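Have a look at run-v6.cif below; it lists mmCIF, C-alpha atoms.
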data_final
loop_
_atom_site.label_atom_id
_atom_site.label_comp_id
_atom_site.auth_asym_id
_atom_site.auth_seq_id
_atom_site.Cartn_x
_atom_site.Cartn_y
_atom_site.Cartn_z
CA MET L 1 -3.59 4.93 15.92
CA ILE L 2 -5.33 3.16 13.04
CA ILE L 3 -2.74 2.13 10.46
CA ILE L 4 -3.80 1.59 6.84
CA GLY L 5 -0.94 -0.09 4.99
CA GLU L 6 -0.38 1.77 1.73
CA LYS L 7 1.87 -0.62 -0.20
CA ILE L 8 -0.64 -2.57 -2.36
CA ASN L 9 -1.50 0.35 -4.60
CA GLY L 10 -1.09 0.39 -8.35
CA SER L 11 -0.03 4.05 -8.31
CA ILE L 12 3.28 2.87 -6.78
CA PRO L 13 5.37 2.00 -9.86
CA SER L 14 6.72 -1.32 -8.58
CA MET L 15 3.27 -2.46 -7.43
CA GLY L 16 1.66 -1.21 -10.62
CA LYS L 17 4.08 -3.41 -12.55
CA ALA L 18 3.23 -6.39 -10.33
CA ILE L 19 -0.49 -5.85 -10.91
CA ALA L 20 -0.05 -5.50 -14.68
CA GLU L 21 1.99 -8.72 -14.78
CA ARG L 22 -0.41 -10.54 -12.43
CA ASN L 23 2.50 -11.21 -10.09
CA GLU L 24 0.67 -13.05 -7.32
CA LYS L 25 3.84 -13.72 -5.33
CA ARG L 26 4.65 -10.01 -5.05
CA ILE L 27 1.18 -9.06 -3.85
CA ARG L 28 0.94 -11.94 -1.38
CA SER L 29 4.36 -11.09 0.02
CA MET L 30 3.49 -7.41 0.53
CA ALA L 31 0.22 -8.34 2.23
CA LYS L 32 2.01 -10.67 4.63
CA LYS L 33 4.74 -8.14 5.43
CA GLN L 34 2.33 -5.31 6.20
CA ALA L 35 0.10 -7.57 8.28
CA ALA L 36 3.11 -8.82 10.26
CA ALA L 37 4.16 -5.19 10.85
CA GLY L 38 0.85 -4.53 12.58
CA ALA L 39 -1.26 -2.77 9.95
CA ASP L 40 -4.92 -2.59 10.96
CA TYR L 41 -6.12 -2.51 7.33
CA LEU L 42 -4.44 -3.14 3.98
CA ASP L 43 -5.14 -0.70 1.19
CA CYS L 44 -6.13 -2.41 -2.07
CA CYS L 45 -6.02 -0.07 -5.04
CA ALA L 46 -5.77 -1.39 -8.60
CA SER L 47 -5.20 2.00 -10.25
CA VAL L 48 -6.03 0.66 -13.72
CA ASN L 49 -8.09 2.20 -16.50
CA GLU L 50 -9.79 -0.99 -17.69
CA ASN L 51 -11.42 -3.91 -15.89
CA GLU L 52 -10.90 -2.24 -12.51
CA ALA L 53 -13.55 -4.25 -10.63
CA GLU L 54 -12.20 -7.54 -12.01
CA THR L 55 -8.64 -6.57 -11.06
CA MET L 56 -9.76 -5.52 -7.57
CA ARG L 57 -11.50 -8.89 -7.04
CA TRP L 58 -8.31 -10.70 -7.99
CA MET L 59 -6.25 -8.56 -5.60
CA ILE L 60 -8.77 -8.95 -2.76
CA GLY L 61 -8.61 -12.72 -3.14
CA LEU L 62 -4.80 -12.74 -2.93
CA ILE L 63 -4.73 -10.50 0.13
CA GLU L 64 -7.35 -12.52 1.99
CA GLU L 65 -5.54 -15.77 1.20
CA SER L 66 -2.32 -14.28 2.60
CA CYS L 67 -3.49 -12.82 5.94
CA ASP L 68 -6.48 -12.06 8.13
CA THR L 69 -6.06 -8.27 8.09
CA PRO L 70 -9.19 -6.47 6.83
CA ILE L 71 -8.99 -4.64 3.51
CA CYS L 72 -9.36 -0.97 2.67
CA ILE L 73 -10.88 -1.08 -0.83
CA ASP L 74 -9.62 1.98 -2.67
CA SER L 75 -10.86 3.54 -5.90
CA PRO L 76 -11.98 6.96 -7.16
CA ASN L 77 -14.92 5.17 -8.81
CA PRO L 78 -17.75 4.67 -6.28
CA HIS L 79 -19.52 2.16 -8.52
CA VAL L 80 -16.45 -0.10 -8.51
CA LEU L 81 -16.30 0.12 -4.72
CA ALA L 82 -19.98 -0.73 -4.37
CA GLU L 83 -19.47 -3.69 -6.70
CA VAL L 84 -16.49 -5.28 -4.92
CA ILE L 85 -17.65 -4.84 -1.31
CA ALA L 86 -19.40 -8.20 -1.50
CA ASP L 87 -16.12 -9.89 -2.48
CA CYS L 88 -14.54 -9.14 0.90
CA LYS L 89 -14.94 -11.87 3.52
CA VAL L 90 -14.86 -9.45 6.45
CA PRO L 91 -15.88 -5.78 6.71
CA GLY L 92 -13.13 -3.25 6.19
CA VAL L 93 -12.88 0.34 4.98
CA VAL L 94 -14.31 1.93 1.83
CA ASN L 95 -11.94 4.52 0.41
CA SER L 96 -13.55 6.82 -0.43
CA VAL L 97 -16.53 9.16 -0.65
CA SER L 98 -16.54 12.94 -0.93
CA GLY L 99 -18.84 15.77 -1.93
CA GLU L 100 -18.14 14.96 -5.59
CA GLY L 101 -20.83 13.70 -7.95
CA ASP L 102 -22.89 10.76 -6.73
CA LYS L 103 -20.26 9.20 -4.48
CA ILE L 104 -22.22 9.59 -1.25
CA GLU L 105 -25.48 8.43 -2.82
CA THR L 106 -23.71 5.39 -4.27
CA ILE L 107 -21.74 4.26 -1.20
CA PHE L 108 -23.73 5.28 1.88
CA PRO L 109 -26.81 3.16 1.09
CA VAL L 110 -24.58 0.10 0.53
CA ILE L 111 -22.75 0.38 3.86
CA ALA L 112 -25.55 1.91 5.95
CA ASN L 113 -26.57 -1.28 7.76
CA THR L 114 -23.14 -2.91 7.87
CA PRO L 115 -19.99 -2.61 10.05
CA TRP L 116 -17.99 -1.14 7.14
CA LYS L 117 -16.03 2.03 7.84
CA VAL L 118 -15.63 4.75 5.23
CA VAL L 119 -13.03 7.39 4.36
CA ALA L 120 -14.55 10.76 3.42
CA LEU L 121 -12.48 13.36 1.57
CA LEU L 122 -13.19 17.06 2.08
CA CYS L 123 -13.55 17.96 -1.58
CA ASP L 124 -16.51 18.44 -3.89
CA ASP L 125 -17.35 19.25 -7.50
CA THR L 126 -15.40 22.51 -7.24
CA GLY L 127 -12.21 20.58 -6.47
CA ILE L 128 -10.07 20.75 -3.33
CA PRO L 129 -11.19 23.77 -1.30
CA LYS L 130 -8.43 26.25 -0.62
CA SER L 131 -9.75 27.55 2.70
CA ALA L 132 -10.60 25.93 6.01
CA ALA L 133 -14.12 27.40 5.84
CA ASP L 134 -14.83 25.72 2.50
CA ARG L 135 -13.47 22.35 3.65
CA ILE L 136 -15.61 22.61 6.78
CA ARG L 137 -18.63 23.32 4.56
CA VAL L 138 -17.99 20.02 2.72
CA LEU L 139 -17.45 18.26 6.05
CA ASP L 140 -20.78 19.43 7.47
CA ARG L 141 -22.58 18.28 4.34
CA ILE L 142 -20.98 14.81 4.49
CA MET L 143 -21.82 14.44 8.16
CA ALA L 144 -25.43 15.47 7.55
CA ASP L 145 -25.67 12.80 4.85
CA ALA L 146 -24.11 10.23 7.19
CA ASP L 147 -26.75 11.04 9.80
CA ARG L 148 -29.46 10.74 7.17
CA TYR L 149 -28.29 7.22 6.29
CA GLY L 150 -27.79 6.23 9.93
CA ILE L 151 -24.02 5.81 9.67
CA LYS L 152 -22.51 6.21 13.13
CA HIS L 153 -19.76 8.78 13.44
CA ASP L 154 -17.20 6.29 14.76
CA ARG L 155 -17.37 4.47 11.41
CA ILE L 156 -16.26 7.58 9.51
CA LEU L 157 -12.65 8.53 8.80
CA ILE L 158 -12.43 12.13 7.62
CA ASP L 159 -9.50 12.93 5.33
CA PRO L 160 -8.87 16.70 5.57
CA LEU L 161 -6.63 16.38 2.46
CA VAL L 162 -2.91 16.74 2.99
CA GLU L 163 -1.27 18.67 0.15
CA MET L 164 2.37 19.20 -0.76
CA LEU L 165 4.13 21.41 1.76
CA CYS L 166 6.35 22.98 -0.91
CA THR L 167 3.36 24.43 -2.80
CA SER L 168 1.25 25.34 0.22
CA GLU L 169 0.73 29.02 0.97
CA ASP L 170 0.21 28.59 4.69
CA GLY L 171 2.11 25.43 5.55
CA ILE L 172 -0.26 23.17 7.45
CA ALA L 173 -1.98 25.86 9.50
CA MET L 174 -5.20 25.53 7.49
CA LEU L 175 -5.12 21.74 7.79
CA LEU L 176 -4.70 21.92 11.56
CA GLU L 177 -7.59 24.37 11.76
CA VAL L 178 -9.83 21.87 9.97
CA ILE L 179 -8.70 19.03 12.23
CA GLY L 180 -9.43 21.18 15.28
CA TYR L 181 -12.96 21.85 14.02
CA ILE L 182 -13.57 18.15 13.44
CA LYS L 183 -12.42 17.26 16.96
CA GLU L 184 -14.65 19.93 18.50
CA HIS L 185 -17.83 19.31 16.50
CA TYR L 186 -17.60 15.60 15.65
CA PRO L 187 -15.52 14.06 18.46
CA GLN L 188 -16.32 10.44 17.57
CA VAL L 189 -15.12 10.79 14.00
CA HIS L 190 -11.66 9.48 13.13
CA ILE L 191 -9.22 11.75 11.30
CA VAL L 192 -7.04 10.08 8.67
CA CYS L 193 -4.17 11.54 6.67
CA ALA L 194 -2.06 10.22 3.83
CA VAL L 195 1.19 11.06 5.58
CA SER L 196 3.54 10.94 2.60
CA ASN L 197 1.53 13.51 0.61
CA ILE L 198 3.05 16.32 2.68
CA SER L 199 6.59 15.75 1.39
CA PHE L 200 6.21 15.33 -2.38
CA ASN L 201 9.00 17.09 -4.35
CA LEU L 202 11.10 17.71 -1.24
CA PRO L 203 14.51 16.17 -0.45
CA TYR L 204 14.88 13.59 2.32
CA ARG L 205 11.12 13.18 2.56
CA LYS L 206 11.15 10.95 5.64
CA ILE L 207 12.05 13.87 7.93
CA ILE L 208 9.09 15.93 6.71
CA ASN L 209 6.77 12.94 7.02
CA GLU L 210 7.88 12.24 10.58
CA ALA L 211 7.61 15.87 11.71
CA PHE L 212 4.16 16.16 10.14
CA THR L 213 2.98 12.99 11.86
CA VAL L 214 3.84 14.42 15.29
CA LEU L 215 2.08 17.73 14.55
CA ALA L 216 -1.00 16.06 13.09
CA MET L 217 -1.30 13.55 15.94
CA ASN L 218 -1.06 16.37 18.47
CA ALA L 219 -3.90 18.14 16.62
CA GLY L 220 -6.08 15.02 16.62
CA MET L 221 -5.13 12.72 13.74
CA ASP L 222 -5.76 9.16 14.91
CA ALA L 223 -5.43 7.22 11.64
CA ALA L 224 -2.86 7.22 8.86
CA VAL L 225 -2.39 5.81 5.38
CA MET L 226 1.29 4.99 5.56
CA ASP L 227 4.03 2.42 5.12
CA PRO L 228 3.78 0.14 8.18
CA LEU L 229 7.22 -1.25 7.33
CA ASN L 230 8.79 2.13 8.15
CA ARG L 231 10.24 1.34 11.56
CA ASP L 232 11.25 4.92 12.36
CA LEU L 233 7.77 6.26 11.66
CA ARG L 234 6.15 3.49 13.70
CA GLY L 235 8.47 4.37 16.60
CA ILE L 236 7.56 8.05 16.34
CA ILE L 237 3.87 7.17 16.48
CA TYR L 238 4.31 5.11 19.65
CA ALA L 239 6.49 7.83 21.19
CA THR L 240 3.98 10.56 20.35
CA GLU L 241 1.11 8.58 21.86
CA ALA L 242 3.14 8.18 25.05
CA LEU L 243 4.10 11.87 25.18
CA ARG L 244 0.47 12.90 24.69
CA GLY L 245 -0.57 10.82 27.69
CA ASN L 246 -2.40 8.16 25.68
CA ASP L 247 -0.15 5.28 26.73
CA PHE L 248 -0.52 4.27 30.39
CA TYR L 249 2.97 4.02 31.91
CA CYS L 250 4.34 3.76 28.32
CA MET L 251 3.34 0.11 28.21
CA ASP L 252 2.43 0.15 24.52
CA TYR L 253 5.72 1.87 23.67
CA ILE L 254 7.72 -0.66 25.67
CA GLY L 255 5.78 -3.61 24.29
CA ALA L 256 6.18 -2.49 20.68
CA PHE L 257 9.92 -2.01 21.18
CA ARG L 258 10.28 -5.47 22.70
CA GLU L 259 8.31 -6.97 19.81
CA GLY L 260 10.69 -5.32 17.35
CA ILE L 261 8.06 -3.10 15.70
CA PHE L 262 10.53 -0.22 15.90
CA GLY L 263 14.03 0.40 17.18
CA PRO L 264 17.47 -0.53 15.86
CA VAL L 265 17.89 -3.68 13.86
CA GLU L 266 20.76 -5.71 15.25
CA GLU L 267 23.41 -6.40 12.66
CA GLU L 268 24.63 -9.93 12.26
CA THR L 269 27.97 -10.48 13.93
CA LYS L 270 30.74 -11.79 11.75
#
Translate the structure of the given file into structure tokens.
Amino acid sequence: MIIIGEKINGSIPSMGKAIAERNEKRIRSMAKKQAAAGADYLDCCASVNENEAETMRWMIGLIEESCDTPICIDSPNPHVLAEVIADCKVPGVVNSVSGEGDKIETIFPVIANTPWKVVALLCDDTGIPKSAADRIRVLDRIMADADRYGIKHDRILIDPLVEMLCTSEDGIAMLLEVIGYIKEHYPQVHIVCAVSNISFNLPYRKIINEAFTVLAMNAGMDAAVMDPLNRDLRGIIYATEALRGNDFYCMDYIGAFREGIFGPVEEETK
């Protein structure tokens, strides 16, 4: 499972405050914590209306000074992403492109001959498609463009777009249908989901997030934008990999438990 640590994102109120106040200590600390928890990439999203590229450069510098974990540069503005790629010392993930506007034409030429990975969202200028068939139509277009630019499929992380369960007409059946199509037709592509999106506006969200993670992994999700500091969710991921037969003799599960990545935290004795 590819883990993209979600915590350095200005849309999170506490992190947005830290970014606005240029709180370097807060950002460095969160980078170190997520890296120590085993995140494969660290999301870096400024979520500001002005001077976004400048703010992203500042954040990238702090993250890279704090740890060696590659960065997932994150912005809805493809021109900002194309501008700050050169500020990263090592290749990471571009988040994101989609069928909207000129996003593909802006990002794909920049990363075509590099090791950078890219997240692709299954939406276009009409918005978020409401049917599996329409999301698959966007998917096929994105993959055709990737082939045109010579971007190998294993560098692409498709986001099928997780929406709120409480406003969904068909639960996650449509999402699982899309994931199944991706696995069948583009087997080398990674499938990434923003796990916490499923539980917005529901009580005790962690239970929904955990149940969704198991279902999505069983369907084929192999990457997640999530909180790597969530020990219960990390444990569920290791357990699900073992139950699906992807962990030889449960060695990864056992090793992660011994390393303290998940499991009970021993209380200090008085």
Residue nearest Lys130 of chain L - candidates L:Asp154, L:Glu100, L:Glu259, L:Glu169, atoms counted: only C-alpha atoms: L:Glu169
Exactly which residues make up the result of the PyMOL selection byres ((chain L and resi 159) around 9) on this file, given as a JSON list (two decimals) with C-alpha atoms, in the frame of the given file?
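As written to disk, selection_36.json reads:
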[["chain", "number", "residue", "atom", "x", "y", "z"],
["L", 119, "VAL", "CA", -13.03, 7.39, 4.36],
["L", 120, "ALA", "CA", -14.55, 10.76, 3.42],
["L", 121, "LEU", "CA", -12.48, 13.36, 1.57],
["L", 122, "LEU", "CA", -13.19, 17.06, 2.08],
["L", 157, "LEU", "CA", -12.65, 8.53, 8.80],
["L", 158, "ILE", "CA", -12.43, 12.13, 7.62],
["L", 160, "PRO", "CA", -8.87, 16.70, 5.57],
["L", 161, "LEU", "CA", -6.63, 16.38, 2.46],
["L", 162, "VAL", "CA", -2.91, 16.74, 2.99],
["L", 190, "HIS", "CA", -11.66, 9.48, 13.13],
["L", 191, "ILE", "CA", -9.22, 11.75, 11.30],
["L", 192, "VAL", "CA", -7.04, 10.08, 8.67],
["L", 193, "CYS", "CA", -4.17, 11.54, 6.67],
["L", 194, "ALA", "CA", -2.06, 10.22, 3.83]]
Who sits within 9 Å of segment 89-94 of chain L, only C-alpha atoms, same chain under 5 positions skipped, as a CSV table (one decimal) with C-alpha atoms, in the frame of the given file:
chain,number,residue,atom,x,y,z
L,41,TYR,CA,-6.1,-2.5,7.3
L,42,LEU,CA,-4.4,-3.1,4.0
L,43,ASP,CA,-5.1,-0.7,1.2
L,64,GLU,CA,-7.4,-12.5,2.0
L,68,ASP,CA,-6.5,-12.1,8.1
L,69,THR,CA,-6.1,-8.3,8.1
L,70,PRO,CA,-9.2,-6.5,6.8
L,71,ILE,CA,-9.0,-4.6,3.5
L,72,CYS,CA,-9.4,-1.0,2.7
L,73,ILE,CA,-10.9,-1.1,-0.8
L,74,ASP,CA,-9.6,2.0,-2.7
L,75,SER,CA,-10.9,3.5,-5.9
L,81,LEU,CA,-16.3,0.1,-4.7
L,82,ALA,CA,-20.0,-0.7,-4.4
L,107,ILE,CA,-21.7,4.3,-1.2
L,111,ILE,CA,-22.8,0.4,3.9
L,114,THR,CA,-23.1,-2.9,7.9
L,115,PRO,CA,-20.0,-2.6,10.0
L,116,TRP,CA,-18.0,-1.1,7.1
L,117,LYS,CA,-16.0,2.0,7.8
L,118,VAL,CA,-15.6,4.8,5.2
L,119,VAL,CA,-13.0,7.4,4.4
L,120,ALA,CA,-14.6,10.8,3.4
L,155,ARG,CA,-17.4,4.5,11.4
Can you list, as a PyMOL selection string, the residues that the PyMOL selection byres ((chain L and resi 228) around 10) selects here? chain L and resi 3-7+33-40+42+224-227+229-234+261
Write the residues of the preceding selection, restricted to C-alpha atoms, as a PDB file, keeping the file's coordinate frame.
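File produced: selection_38.pdb:
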ATOM      1  CA  ILE L   3      -2.740   2.130  10.460  1.00  0.00           C
ATOM      2  CA  ILE L   4      -3.800   1.590   6.840  1.00  0.00           C
ATOM      3  CA  GLY L   5      -0.940  -0.090   4.990  1.00  0.00           C
ATOM      4  CA  GLU L   6      -0.380   1.770   1.730  1.00  0.00           C
ATOM      5  CA  LYS L   7       1.870  -0.620  -0.200  1.00  0.00           C
ATOM      6  CA  LYS L  33       4.740  -8.140   5.430  1.00  0.00           C
ATOM      7  CA  GLN L  34       2.330  -5.310   6.200  1.00  0.00           C
ATOM      8  CA  ALA L  35       0.100  -7.570   8.280  1.00  0.00           C
ATOM      9  CA  ALA L  36       3.110  -8.820  10.260  1.00  0.00           C
ATOM     10  CA  ALA L  37       4.160  -5.190  10.850  1.00  0.00           C
ATOM     11  CA  GLY L  38       0.850  -4.530  12.580  1.00  0.00           C
ATOM     12  CA  ALA L  39      -1.260  -2.770   9.950  1.00  0.00           C
ATOM     13  CA  ASP L  40      -4.920  -2.590  10.960  1.00  0.00           C
ATOM     14  CA  LEU L  42      -4.440  -3.140   3.980  1.00  0.00           C
ATOM     15  CA  ALA L 224      -2.860   7.220   8.860  1.00  0.00           C
ATOM     16  CA  VAL L 225      -2.390   5.810   5.380  1.00  0.00           C
ATOM     17  CA  MET L 226       1.290   4.990   5.560  1.00  0.00           C
ATOM     18  CA  ASP L 227       4.030   2.420   5.120  1.00  0.00           C
ATOM     19  CA  LEU L 229       7.220  -1.250   7.330  1.00  0.00           C
ATOM     20  CA  ASN L 230       8.790   2.130   8.150  1.00  0.00           C
ATOM     21  CA  ARG L 231      10.240   1.340  11.560  1.00  0.00           C
ATOM     22  CA  ASP L 232      11.250   4.920  12.360  1.00  0.00           C
ATOM     23  CA  LEU L 233       7.770   6.260  11.660  1.00  0.00           C
ATOM     24  CA  ARG L 234       6.150   3.490  13.700  1.00  0.00           C
ATOM     25  CA  ILE L 261       8.060  -3.100  15.700  1.00  0.00           C
TER      26      ILE L 261
END
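Residues matching the PyMOL selection byres ((chain L and resi 10) around 6) in this structure come to Asn9, Ser11, Ile12, Met15, Gly16, Cys45, Ala46 and Ser47 of chain L.
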Just-selected residues, C-alpha atoms written as a PDB file, in the frame of the given file:
ATOM      1  CA  ASN L   9      -1.500   0.350  -4.600  1.00  0.00           C
ATOM      2  CA  SER L  11      -0.030   4.050  -8.310  1.00  0.00           C
ATOM      3  CA  ILE L  12       3.280   2.870  -6.780  1.00  0.00           C
ATOM      4  CA  MET L  15       3.270  -2.460  -7.430  1.00  0.00           C
ATOM      5  CA  GLY L  16       1.660  -1.210 -10.620  1.00  0.00           C
ATOM      6  CA  CYS L  45      -6.020  -0.070  -5.040  1.00  0.00           C
ATOM      7  CA  ALA L  46      -5.770  -1.390  -8.600  1.00  0.00           C
ATOM      8  CA  SER L  47      -5.200   2.000 -10.250  1.00  0.00           C
TER       9      SER L  47
END
If you count all atoms listed in the file, which residues fall within 12 Å of Asp124 of chain L, apart from same-chain ones fewer than 2 positions away, as number ranges by chain? L: 97-104, 120-122, 126-130, 134-139, 141-142, 161
Have a look at atom CA of Lys206 of chain L and atom CA of Asn95 of chain L and let me know their distance in Å, one decimal. 24.5 Å
Shortest contact to Ile236 of chain L, candidates L:Leu175, L:Met1, L:Ile19, L:Met164, atoms counted all atoms listed in the file, goes to L:Met1
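Across the structure, atom CA of Cys250 of chain L and atom CA of Val265 of chain L are spaced 21.2 Å apart.
Shortest separation to Ala133 of chain L among L:Tyr181, L:Phe108, L:Tyr149, L:Trp58 occurs at residue L:Tyr181, atoms counted being all atoms listed in the file.
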Would you kindly identify which residues have an atom no farther than 7 Å from (13.2, 2.8, 18.2), using all atoms listed in the file and the file's own coordinates, and write them out as a tab-separated table (two decimals) with C-alpha atoms, in the coordinates of the input?
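Writing done, so here's point.tsv:
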chain	number	residue	atom	x	y	z
L	232	ASP	CA	11.25	4.92	12.36
L	235	GLY	CA	8.47	4.37	16.60
L	257	PHE	CA	9.92	-2.01	21.18
L	262	PHE	CA	10.53	-0.22	15.90
L	263	GLY	CA	14.03	0.40	17.18
L	264	PRO	CA	17.47	-0.53	15.86
Using only C-alpha atoms, pick whichever of L:Ala20, L:Cys67, L:Lys25, L:Ser196 has the shortest atom-to-atom distance to Asn51 of chain L. L:Ala20
Some atoms are absent from segment 205-217 of chain L, so rebuild N, CA and C atoms and return them as a PDB file, keeping the file's coordinate frame.
ATOM      1  N   ARG L 205      12.542  13.069   2.227  1.00  0.00           N
ATOM      2  CA  ARG L 205      11.120  13.180   2.560  1.00  0.00           C
ATOM      3  C   ARG L 205      10.768  12.612   3.940  1.00  0.00           C
ATOM      4  N   LYS L 206      11.509  11.617   4.390  1.00  0.00           N
ATOM      5  CA  LYS L 206      11.150  10.950   5.640  1.00  0.00           C
ATOM      6  C   LYS L 206      11.131  11.914   6.823  1.00  0.00           C
ATOM      7  N   ILE L 207      12.010  12.910   6.821  1.00  0.00           N
ATOM      8  CA  ILE L 207      12.050  13.870   7.930  1.00  0.00           C
ATOM      9  C   ILE L 207      10.774  14.709   7.963  1.00  0.00           C
ATOM     10  N   ILE L 208      10.328  15.165   6.793  1.00  0.00           N
ATOM     11  CA  ILE L 208       9.090  15.930   6.710  1.00  0.00           C
ATOM     12  C   ILE L 208       7.907  15.075   7.155  1.00  0.00           C
ATOM     13  N   ASN L 209       7.867  13.835   6.664  1.00  0.00           N
ATOM     14  CA  ASN L 209       6.770  12.940   7.020  1.00  0.00           C
ATOM     15  C   ASN L 209       6.694  12.720   8.533  1.00  0.00           C
ATOM     16  N   GLU L 210       7.844  12.515   9.142  1.00  0.00           N
ATOM     17  CA  GLU L 210       7.880  12.240  10.580  1.00  0.00           C
ATOM     18  C   GLU L 210       7.466  13.471  11.388  1.00  0.00           C
ATOM     19  N   ALA L 211       7.969  14.646  10.995  1.00  0.00           N
ATOM     20  CA  ALA L 211       7.610  15.870  11.710  1.00  0.00           C
ATOM     21  C   ALA L 211       6.108  16.156  11.565  1.00  0.00           C
ATOM     22  N   PHE L 212       5.593  15.947  10.361  1.00  0.00           N
ATOM     23  CA  PHE L 212       4.160  16.160  10.140  1.00  0.00           C
ATOM     24  C   PHE L 212       3.322  15.217  10.991  1.00  0.00           C
ATOM     25  N   THR L 213       3.739  13.975  11.091  1.00  0.00           N
ATOM     26  CA  THR L 213       2.980  12.990  11.860  1.00  0.00           C
ATOM     27  C   THR L 213       2.828  13.434  13.319  1.00  0.00           C
ATOM     28  N   VAL L 214       3.904  13.946  13.907  1.00  0.00           N
ATOM     29  CA  VAL L 214       3.840  14.420  15.290  1.00  0.00           C
ATOM     30  C   VAL L 214       2.858  15.593  15.414  1.00  0.00           C
ATOM     31  N   LEU L 215       2.971  16.571  14.492  1.00  0.00           N
ATOM     32  CA  LEU L 215       2.080  17.730  14.550  1.00  0.00           C
ATOM     33  C   LEU L 215       0.622  17.326  14.365  1.00  0.00           C
ATOM     34  N   ALA L 216       0.370  16.453  13.390  1.00  0.00           N
ATOM     35  CA  ALA L 216      -1.000  16.060  13.090  1.00  0.00           C
ATOM     36  C   ALA L 216      -1.603  15.234  14.219  1.00  0.00           C
ATOM     37  N   MET L 217      -0.804  14.340  14.808  1.00  0.00           N
ATOM     38  CA  MET L 217      -1.300  13.550  15.940  1.00  0.00           C
ATOM     39  C   MET L 217      -1.626  14.458  17.116  1.00  0.00           C
TER      40      MET L 217
END
